[in-house]
file entry.pdb (PDB, C-alpha atoms)
MODEL        1
ATOM      1  CA  VAL A   1       0.000   0.000   0.000
ATOM      2  CA  GLN A   2       1.268   3.473  -0.838
ATOM      3  CA  LEU A   3       0.772   6.287   1.635
ATOM      4  CA  GLN A   4       0.760   9.996   0.840
ATOM      5  CA  ALA A   5       0.851  12.379   3.787
ATOM      6  CA  SER A   6      -0.037  16.044   3.549
ATOM      7  CA  GLY A   7      -1.052  19.018   5.646
ATOM      8  CA  GLY A   8       2.194  19.975   7.322
ATOM      9  CA  GLY A   9       3.402  23.536   7.559
ATOM     10  CA  LEU A  10       4.628  26.371   9.746
ATOM     11  CA  VAL A  11       2.335  27.382  12.602
ATOM     12  CA  GLN A  12       2.614  29.295  15.843
ATOM     13  CA  ALA A  13       2.456  27.831  19.323
ATOM     14  CA  GLY A  14      -1.135  27.248  20.339
ATOM     15  CA  ASP A  15      -2.353  26.790  16.765
ATOM     16  CA  SER A  16      -4.089  23.773  15.294
ATOM     17  CA  LEU A  17      -3.287  21.739  12.219
ATOM     18  CA  ARG A  18      -4.725  18.656  10.533
ATOM     19  CA  LEU A  19      -2.578  16.115   8.779
ATOM     20  CA  SER A  20      -4.022  13.723   6.220
ATOM     21  CA  CYS A  21      -2.704  10.507   4.793
ATOM     22  CA  ALA A  22      -4.254   8.974   1.706
ATOM     23  CA  ALA A  23      -3.740   5.282   1.012
ATOM     24  CA  SER A  24      -3.685   3.712  -2.412
ATOM     25  CA  ARG A  25      -5.438   0.468  -1.710
ATOM     26  CA  ARG A  26      -9.112  -0.388  -1.657
ATOM     27  CA  THR A  27      -8.296  -2.755   1.221
ATOM     28  CA  PHE A  28      -7.403   0.235   3.402
ATOM     29  CA  SER A  29      -9.853  -0.982   6.033
ATOM     30  CA  ASN A  30      -7.732  -4.109   6.510
ATOM     31  CA  TYR A  31      -4.869  -2.064   7.920
ATOM     32  CA  VAL A  32      -4.142  -0.650  11.318
ATOM     33  CA  MET A  33      -2.966   2.916  10.751
ATOM     34  CA  GLY A  34      -0.717   5.127  12.797
ATOM     35  CA  TRP A  35       1.477   8.186  12.992
ATOM     36  CA  PHE A  36       5.093   8.465  14.054
ATOM     37  CA  ARG A  37       7.280  11.556  14.156
ATOM     38  CA  GLN A  38      10.944  12.427  14.139
ATOM     39  CA  ALA A  39      12.239  15.715  15.457
ATOM     40  CA  PRO A  40      15.600  17.125  14.327
ATOM     41  CA  GLY A  41      18.419  15.258  16.020
ATOM     42  CA  LYS A  42      16.074  12.900  17.844
ATOM     43  CA  GLU A  43      14.902   9.339  17.535
ATOM     44  CA  ARG A  44      11.692   8.518  15.744
ATOM     45  CA  GLU A  45       8.810   8.206  18.184
ATOM     46  CA  PHE A  46       5.303   6.835  18.280
ATOM     47  CA  VAL A  47       2.439   9.328  18.191
ATOM     48  CA  ALA A  48      -0.886   7.515  17.728
ATOM     49  CA  VAL A  49      -2.495   4.385  16.316
ATOM     50  CA  ILE A  50      -6.041   3.501  15.244
ATOM     51  CA  SER A  51      -7.744   0.172  14.693
ATOM     52  CA  ARG A  52      -9.209  -0.971  11.382
ATOM     53  CA  ALA A  53     -12.728   0.236  12.054
ATOM     54  CA  GLY A  54     -11.588   3.259  14.027
ATOM     55  CA  SER A  55     -13.158   2.076  17.268
ATOM     56  CA  PHE A  56      -9.863   1.878  19.183
ATOM     57  CA  THR A  57      -7.190   4.549  19.429
ATOM     58  CA  TYR A  58      -4.015   4.786  21.476
ATOM     59  CA  TYR A  59      -1.696   7.743  22.023
ATOM     60  CA  ALA A  60       1.731   8.608  23.288
ATOM     61  CA  ASP A  61       1.530  10.329  26.663
ATOM     62  CA  SER A  62       3.164  13.438  25.217
ATOM     63  CA  VAL A  63       0.273  14.071  22.814
ATOM     64  CA  LYS A  64      -2.693  12.674  24.708
ATOM     65  CA  GLY A  65      -5.511  15.207  24.901
ATOM     66  CA  ARG A  66      -4.039  17.423  22.173
ATOM     67  CA  LEU A  67      -3.772  15.166  19.115
ATOM     68  CA  THR A  68      -6.594  13.036  17.729
ATOM     69  CA  ILE A  69      -6.265  10.250  15.201
ATOM     70  CA  SER A  70      -9.235   9.278  13.052
ATOM     71  CA  ARG A  71      -9.925   7.541   9.778
ATOM     72  CA  ASP A  72     -12.432   7.495   6.963
ATOM     73  CA  ASN A  73     -12.394   4.084   5.345
ATOM     74  CA  ALA A  74     -14.664   5.241   2.531
ATOM     75  CA  LYS A  75     -11.971   7.759   1.555
ATOM     76  CA  ASN A  76      -8.965   5.548   2.328
ATOM     77  CA  THR A  77      -7.648   8.317   4.548
ATOM     78  CA  VAL A  78      -6.316   8.637   8.068
ATOM     79  CA  TYR A  79      -6.104  11.971   9.860
ATOM     80  CA  LEU A  80      -4.175  13.515  12.716
ATOM     81  CA  GLN A  81      -5.920  16.529  14.202
ATOM     82  CA  MET A  82      -3.409  18.548  16.171
ATOM     83  CA  ALA A  83      -4.356  21.179  18.721
ATOM     84  CA  SER A  84      -2.489  23.347  21.224
ATOM     85  CA  LEU A  85       0.712  22.825  19.314
ATOM     86  CA  ASN A  86       4.000  23.694  20.959
ATOM     87  CA  PRO A  87       7.580  23.874  19.646
ATOM     88  CA  GLU A  88       8.266  20.354  20.961
ATOM     89  CA  ASP A  89       5.796  19.073  18.350
ATOM     90  CA  THR A  90       8.123  20.225  15.555
ATOM     91  CA  ALA A  91       8.981  17.126  13.547
ATOM     92  CA  VAL A  92       8.486  15.222  10.338
ATOM     93  CA  TYR A  93       5.275  13.243  10.734
ATOM     94  CA  TYR A  94       4.952   9.863   9.058
ATOM     95  CA  CYS A  95       1.789   7.867   8.528
ATOM     96  CA  VAL A  96       2.158   4.109   8.703
ATOM     97  CA  ALA A  97       0.141   0.994   7.987
ATOM     98  CA  ALA A  98       0.303  -2.626   9.051
ATOM     99  CA  GLN A  99      -1.862  -5.680   9.431
ATOM    100  CA  ILE A 100      -1.750  -6.063  13.200
ATOM    101  CA  GLU A 101      -4.023  -8.246  15.249
ATOM    102  CA  ALA A 102      -6.573  -6.167  17.104
ATOM    103  CA  SER A 103      -5.641  -7.690  20.441
ATOM    104  CA  ARG A 104      -2.029  -6.597  19.997
ATOM    105  CA  ILE A 105      -2.479  -3.014  18.814
ATOM    106  CA  ARG A 106      -1.664  -1.447  22.172
ATOM    107  CA  VAL A 107       1.632  -3.331  22.413
ATOM    108  CA  VAL A 108       2.961  -3.757  18.886
ATOM    109  CA  GLY A 109       1.243  -0.707  17.415
ATOM    110  CA  THR A 110       3.647   1.604  19.225
ATOM    111  CA  GLN A 111       6.762   0.112  17.667
ATOM    112  CA  ALA A 112       7.957   1.423  14.321
ATOM    113  CA  SER A 113       9.496  -1.902  13.320
ATOM    114  CA  ASN A 114       6.032  -3.500  13.230
ATOM    115  CA  PHE A 115       4.753  -1.248  10.452
ATOM    116  CA  ASP A 116       5.347  -2.430   6.914
ATOM    117  CA  TYR A 117       4.307   0.683   5.033
ATOM    118  CA  TRP A 118       5.464   4.266   5.502
ATOM    119  CA  GLY A 119       4.491   7.506   3.869
ATOM    120  CA  GLN A 120       7.063  10.064   2.788
ATOM    121  CA  GLY A 121       6.520  12.320   5.789
ATOM    122  CA  THR A 122       5.200  15.831   6.175
ATOM    123  CA  LEU A 123       7.028  18.537   8.119
ATOM    124  CA  VAL A 124       5.328  20.375  10.952
ATOM    125  CA  THR A 125       7.163  23.379  12.372
ATOM    126  CA  VAL A 126       5.814  25.136  15.435
ATOM    127  CA  SER A 127       7.305  28.533  16.260
ATOM    128  CA  SER A 128       7.267  29.945  19.765
TER
ENDMDL
END
call {"tool": "encode", "arguments": {"input": "entry.pdb", "output": "structure tokens"}}
result
Amino acid sequence: VQLQASGGGLVQAGDSLRLSCAASRRTFSNYVMGWFRQAPGKEREFVAVISRAGSFTYYADSVKGRLTISRDNAKNTVYLQMASLNPEDTAVYYCVAAQIEASRIRVVGTQASNFDYWGQGTLVTVSS
């Protein structure tokens, strides 16, 4: 599956932004989707993951309450709604896809190595 992320840009602290990721396959609903990010000079880190039907979501503690992952299976698209952004959110954001068992999403869905498909990334820069 090919993933195309978009929506990044330069915003000010406190602003909101919505990232989108369009998938190429009709079988989009078969995939668990997620977002990871990598800040300059830092390791890549987990942000959020969503189950196939969108009924289960899980977030990194650092973004909980501010970022919301959602999906529209009819549009083959996953979203990351970002609110109350701060400079520490500055990073390249990657959408990812994998066929993960529902019972294991909370454990394996936070590890980058478990995702088979990666988008090209979209840069979010938050100025103070």
call {"tool": "atom_distance", "arguments": {"input": "entry.pdb", "atom1": "atom CA of Ile100 of chain A", "atom2": "atom CA of Phe46 of chain A"}}
result
15.6 Å
call {"tool": "residues_around", "arguments": {"input": "entry.pdb", "residues": "segment 105-116 of chain A", "least_positions_apart": "3", "cutoff": "8 Å", "atoms": "only C-alpha atoms", "output": "VMD selection string"}}
result
chain A and resid 34 36 45 to 49 51 58 96 to 98 100 to 102
call {"tool": "write_last_selection", "arguments": {"input": "entry.pdb", "atoms": "C-alpha atoms", "output": "PDB file, in the coordinates of the input"}}
result
ATOM      1  CA  GLY A  34      -0.717   5.127  12.797  1.00  0.00           C
ATOM      2  CA  PHE A  36       5.093   8.465  14.054  1.00  0.00           C
ATOM      3  CA  GLU A  45       8.810   8.206  18.184  1.00  0.00           C
ATOM      4  CA  PHE A  46       5.303   6.835  18.280  1.00  0.00           C
ATOM      5  CA  VAL A  47       2.439   9.328  18.191  1.00  0.00           C
ATOM      6  CA  ALA A  48      -0.886   7.515  17.728  1.00  0.00           C
ATOM      7  CA  VAL A  49      -2.495   4.385  16.316  1.00  0.00           C
ATOM      8  CA  SER A  51      -7.744   0.172  14.693  1.00  0.00           C
ATOM      9  CA  TYR A  58      -4.015   4.786  21.476  1.00  0.00           C
ATOM     10  CA  VAL A  96       2.158   4.109   8.703  1.00  0.00           C
ATOM     11  CA  ALA A  97       0.141   0.994   7.987  1.00  0.00           C
ATOM     12  CA  ALA A  98       0.303  -2.626   9.051  1.00  0.00           C
ATOM     13  CA  ILE A 100      -1.750  -6.063  13.200  1.00  0.00           C
ATOM     14  CA  GLU A 101      -4.023  -8.246  15.249  1.00  0.00           C
ATOM     15  CA  ALA A 102      -6.573  -6.167  17.104  1.00  0.00           C
TER      16      ALA A 102
END
call {"tool": "closest_residue", "arguments": {"input": "entry.pdb", "among": "A:Ser6, A:Ser20, A:Ser29, A:Ser128", "to": "Ile69 of chain A", "atoms": "only C-alpha atoms"}}
result
A:Ser20
call {"tool": "resolve_selection", "arguments": {"input": "entry.pdb", "expression": "the PyMOL selection byres ((chain A and resi 74) around 9)", "output": "list in words"}}
result
Arg26, Phe28, Ser29, Arg71, Asp72, Asn73, Lys75, Asn76 and Thr77 of chain A
call {"tool": "write_last_selection", "arguments": {"input": "entry.pdb", "atoms": "C-alpha atoms", "output": "short mmCIF file (atom, residue, chain, number, x, y, z; two decimals), in the coordinates of the input"}}
result
data_model
loop_
_atom_site.label_atom_id
_atom_site.label_comp_id
_atom_site.auth_asym_id
_atom_site.auth_seq_id
_atom_site.Cartn_x
_atom_site.Cartn_y
_atom_site.Cartn_z
CA ARG A 26 -9.11 -0.39 -1.66
CA PHE A 28 -7.40 0.24 3.40
CA SER A 29 -9.85 -0.98 6.03
CA ARG A 71 -9.93 7.54 9.78
CA ASP A 72 -12.43 7.50 6.96
CA ASN A 73 -12.39 4.08 5.34
CA LYS A 75 -11.97 7.76 1.56
CA ASN A 76 -8.96 5.55 2.33
CA THR A 77 -7.65 8.32 4.55
#
call {"tool": "resolve_selection", "arguments": {"input": "entry.pdb", "expression": "the PyMOL selection byres ((chain A and resi 9) around 10)", "output": "VMD selection string"}}
result
chain A and resid 6 to 8 10 to 11 17 to 19 90 122 to 126
call {"tool": "closest_residue", "arguments": {"input": "entry.pdb", "among": "A:Ser55, A:Gly14, A:Ala22, A:Cys95", "to": "Gly119 of chain A", "atoms": "all atoms listed in the file"}}
result
A:Cys95
call {"tool": "closest_residue", "arguments": {"input": "entry.pdb", "among": "A:Gly41, A:Pro87, A:Gly54, A:Gly65", "to": "Ala13 of chain A", "atoms": "only C-alpha atoms"}}
result
A:Pro87
call {"tool": "decode", "arguments": {"input": "entry.pdb", "residues": "segment 14-26 of chain A", "atoms": "all heavy atoms", "output": "PDB file, in the first residue's frame"}}
result
ATOM      1  N   GLY A  14       0.273  27.090  20.012  1.00  0.00           N
ATOM      2  CA  GLY A  14      -1.135  27.248  20.339  1.00  0.00           C
ATOM      3  C   GLY A  14      -2.075  27.012  19.182  1.00  0.00           C
ATOM      4  O   GLY A  14      -3.285  26.836  19.374  1.00  0.00           O
ATOM      5  N   ASP A  15      -1.534  26.989  17.964  1.00  0.00           N
ATOM      6  CA  ASP A  15      -2.353  26.790  16.765  1.00  0.00           C
ATOM      7  C   ASP A  15      -2.757  25.328  16.605  1.00  0.00           C
ATOM      8  O   ASP A  15      -2.255  24.440  17.308  1.00  0.00           O
ATOM      9  CB  ASP A  15      -1.594  27.233  15.522  1.00  0.00           C
ATOM     10  CG  ASP A  15      -1.559  28.742  15.370  1.00  0.00           C
ATOM     11  OD1 ASP A  15      -2.254  29.431  16.148  1.00  0.00           O
ATOM     12  OD2 ASP A  15      -0.832  29.222  14.484  1.00  0.00           O
ATOM     13  N   SER A  16      -3.642  25.122  15.651  1.00  0.00           N
ATOM     14  CA  SER A  16      -4.089  23.773  15.294  1.00  0.00           C
ATOM     15  C   SER A  16      -3.712  23.471  13.852  1.00  0.00           C
ATOM     16  O   SER A  16      -3.504  24.381  13.040  1.00  0.00           O
ATOM     17  CB  SER A  16      -5.607  23.649  15.464  1.00  0.00           C
ATOM     18  OG  SER A  16      -5.999  23.875  16.796  1.00  0.00           O
ATOM     19  N   LEU A  17      -3.649  22.177  13.563  1.00  0.00           N
ATOM     20  CA  LEU A  17      -3.287  21.739  12.219  1.00  0.00           C
ATOM     21  C   LEU A  17      -3.857  20.342  12.022  1.00  0.00           C
ATOM     22  O   LEU A  17      -3.943  19.566  12.989  1.00  0.00           O
ATOM     23  CB  LEU A  17      -1.773  21.708  12.077  1.00  0.00           C
ATOM     24  CG  LEU A  17      -1.139  21.672  10.682  1.00  0.00           C
ATOM     25  CD1 LEU A  17      -1.470  22.944   9.922  1.00  0.00           C
ATOM     26  CD2 LEU A  17       0.381  21.523  10.809  1.00  0.00           C
ATOM     27  N   ARG A  18      -4.254  20.006  10.801  1.00  0.00           N
ATOM     28  CA  ARG A  18      -4.725  18.656  10.533  1.00  0.00           C
ATOM     29  C   ARG A  18      -3.888  18.020   9.431  1.00  0.00           C
ATOM     30  O   ARG A  18      -3.787  18.565   8.328  1.00  0.00           O
ATOM     31  CB  ARG A  18      -6.197  18.625  10.122  1.00  0.00           C
ATOM     32  CG  ARG A  18      -6.721  17.189  10.027  1.00  0.00           C
ATOM     33  CD  ARG A  18      -8.198  17.119   9.712  1.00  0.00           C
ATOM     34  NE  ARG A  18      -8.457  17.283   8.289  1.00  0.00           N
ATOM     35  CZ  ARG A  18      -9.592  16.886   7.693  1.00  0.00           C
ATOM     36  NH1 ARG A  18     -10.546  16.304   8.405  1.00  0.00           N
ATOM     37  NH2 ARG A  18      -9.774  17.096   6.403  1.00  0.00           N
ATOM     38  N   LEU A  19      -3.310  16.893   9.758  1.00  0.00           N
ATOM     39  CA  LEU A  19      -2.578  16.115   8.779  1.00  0.00           C
ATOM     40  C   LEU A  19      -3.503  15.063   8.173  1.00  0.00           C
ATOM     41  O   LEU A  19      -4.376  14.536   8.858  1.00  0.00           O
ATOM     42  CB  LEU A  19      -1.378  15.430   9.419  1.00  0.00           C
ATOM     43  CG  LEU A  19      -0.409  16.314  10.186  1.00  0.00           C
ATOM     44  CD1 LEU A  19       0.762  15.476  10.706  1.00  0.00           C
ATOM     45  CD2 LEU A  19       0.074  17.459   9.347  1.00  0.00           C
ATOM     46  N   SER A  20      -3.274  14.774   6.910  1.00  0.00           N
ATOM     47  CA  SER A  20      -4.022  13.723   6.220  1.00  0.00           C
ATOM     48  C   SER A  20      -3.053  12.740   5.600  1.00  0.00           C
ATOM     49  O   SER A  20      -1.919  13.091   5.261  1.00  0.00           O
ATOM     50  CB  SER A  20      -4.896  14.323   5.109  1.00  0.00           C
ATOM     51  OG  SER A  20      -5.831  15.241   5.619  1.00  0.00           O
ATOM     52  N   CYS A  21      -3.514  11.530   5.445  1.00  0.00           N
ATOM     53  CA  CYS A  21      -2.704  10.507   4.793  1.00  0.00           C
ATOM     54  C   CYS A  21      -3.625   9.654   3.935  1.00  0.00           C
ATOM     55  O   CYS A  21      -4.483   8.941   4.466  1.00  0.00           O
ATOM     56  CB  CYS A  21      -1.974   9.660   5.819  1.00  0.00           C
ATOM     57  SG  CYS A  21      -1.021   8.317   5.109  1.00  0.00           S
ATOM     58  N   ALA A  22      -3.438   9.732   2.645  1.00  0.00           N
ATOM     59  CA  ALA A  22      -4.254   8.974   1.706  1.00  0.00           C
ATOM     60  C   ALA A  22      -3.546   7.681   1.329  1.00  0.00           C
ATOM     61  O   ALA A  22      -2.353   7.689   1.020  1.00  0.00           O
ATOM     62  CB  ALA A  22      -4.519   9.804   0.460  1.00  0.00           C
ATOM     63  N   ALA A  23      -4.290   6.591   1.353  1.00  0.00           N
ATOM     64  CA  ALA A  23      -3.740   5.282   1.012  1.00  0.00           C
ATOM     65  C   ALA A  23      -4.223   4.853  -0.357  1.00  0.00           C
ATOM     66  O   ALA A  23      -5.332   5.200  -0.774  1.00  0.00           O
ATOM     67  CB  ALA A  23      -4.147   4.255   2.062  1.00  0.00           C
ATOM     68  N   SER A  24      -3.389   4.070  -1.033  1.00  0.00           N
ATOM     69  CA  SER A  24      -3.685   3.712  -2.412  1.00  0.00           C
ATOM     70  C   SER A  24      -4.618   2.533  -2.561  1.00  0.00           C
ATOM     71  O   SER A  24      -5.233   2.358  -3.596  1.00  0.00           O
ATOM     72  CB  SER A  24      -2.379   3.406  -3.150  1.00  0.00           C
ATOM     73  OG  SER A  24      -1.729   2.301  -2.542  1.00  0.00           O
ATOM     74  N   ARG A  25      -4.724   1.731  -1.534  1.00  0.00           N
ATOM     75  CA  ARG A  25      -5.438   0.468  -1.710  1.00  0.00           C
ATOM     76  C   ARG A  25      -6.902   0.521  -1.306  1.00  0.00           C
ATOM     77  O   ARG A  25      -7.272   1.153  -0.334  1.00  0.00           O
ATOM     78  CB  ARG A  25      -4.754  -0.632  -0.892  1.00  0.00           C
ATOM     79  CG  ARG A  25      -3.580  -1.247  -1.600  1.00  0.00           C
ATOM     80  CD  ARG A  25      -3.214  -2.565  -0.971  1.00  0.00           C
ATOM     81  NE  ARG A  25      -2.150  -3.203  -1.711  1.00  0.00           N
ATOM     82  CZ  ARG A  25      -1.562  -4.320  -1.343  1.00  0.00           C
ATOM     83  NH1 ARG A  25      -1.933  -4.908  -0.228  1.00  0.00           N
ATOM     84  NH2 ARG A  25      -0.617  -4.859  -2.068  1.00  0.00           N
ATOM     85  N   ARG A  26      -7.712  -0.239  -2.029  1.00  0.00           N
ATOM     86  CA  ARG A  26      -9.112  -0.388  -1.657  1.00  0.00           C
ATOM     87  C   ARG A  26      -9.258  -1.143  -0.355  1.00  0.00           C
ATOM     88  O   ARG A  26     -10.252  -1.021   0.332  1.00  0.00           O
ATOM     89  CB  ARG A  26      -9.860  -1.154  -2.744  1.00  0.00           C
ATOM     90  CG  ARG A  26     -10.005  -0.417  -4.038  1.00  0.00           C
ATOM     91  CD  ARG A  26     -10.828  -1.234  -5.015  1.00  0.00           C
ATOM     92  NE  ARG A  26     -10.964  -0.585  -6.294  1.00  0.00           N
ATOM     93  CZ  ARG A  26     -11.636  -1.089  -7.316  1.00  0.00           C
ATOM     94  NH1 ARG A  26     -12.239  -2.249  -7.191  1.00  0.00           N
ATOM     95  NH2 ARG A  26     -11.716  -0.439  -8.449  1.00  0.00           N
TER      96      ARG A  26
END
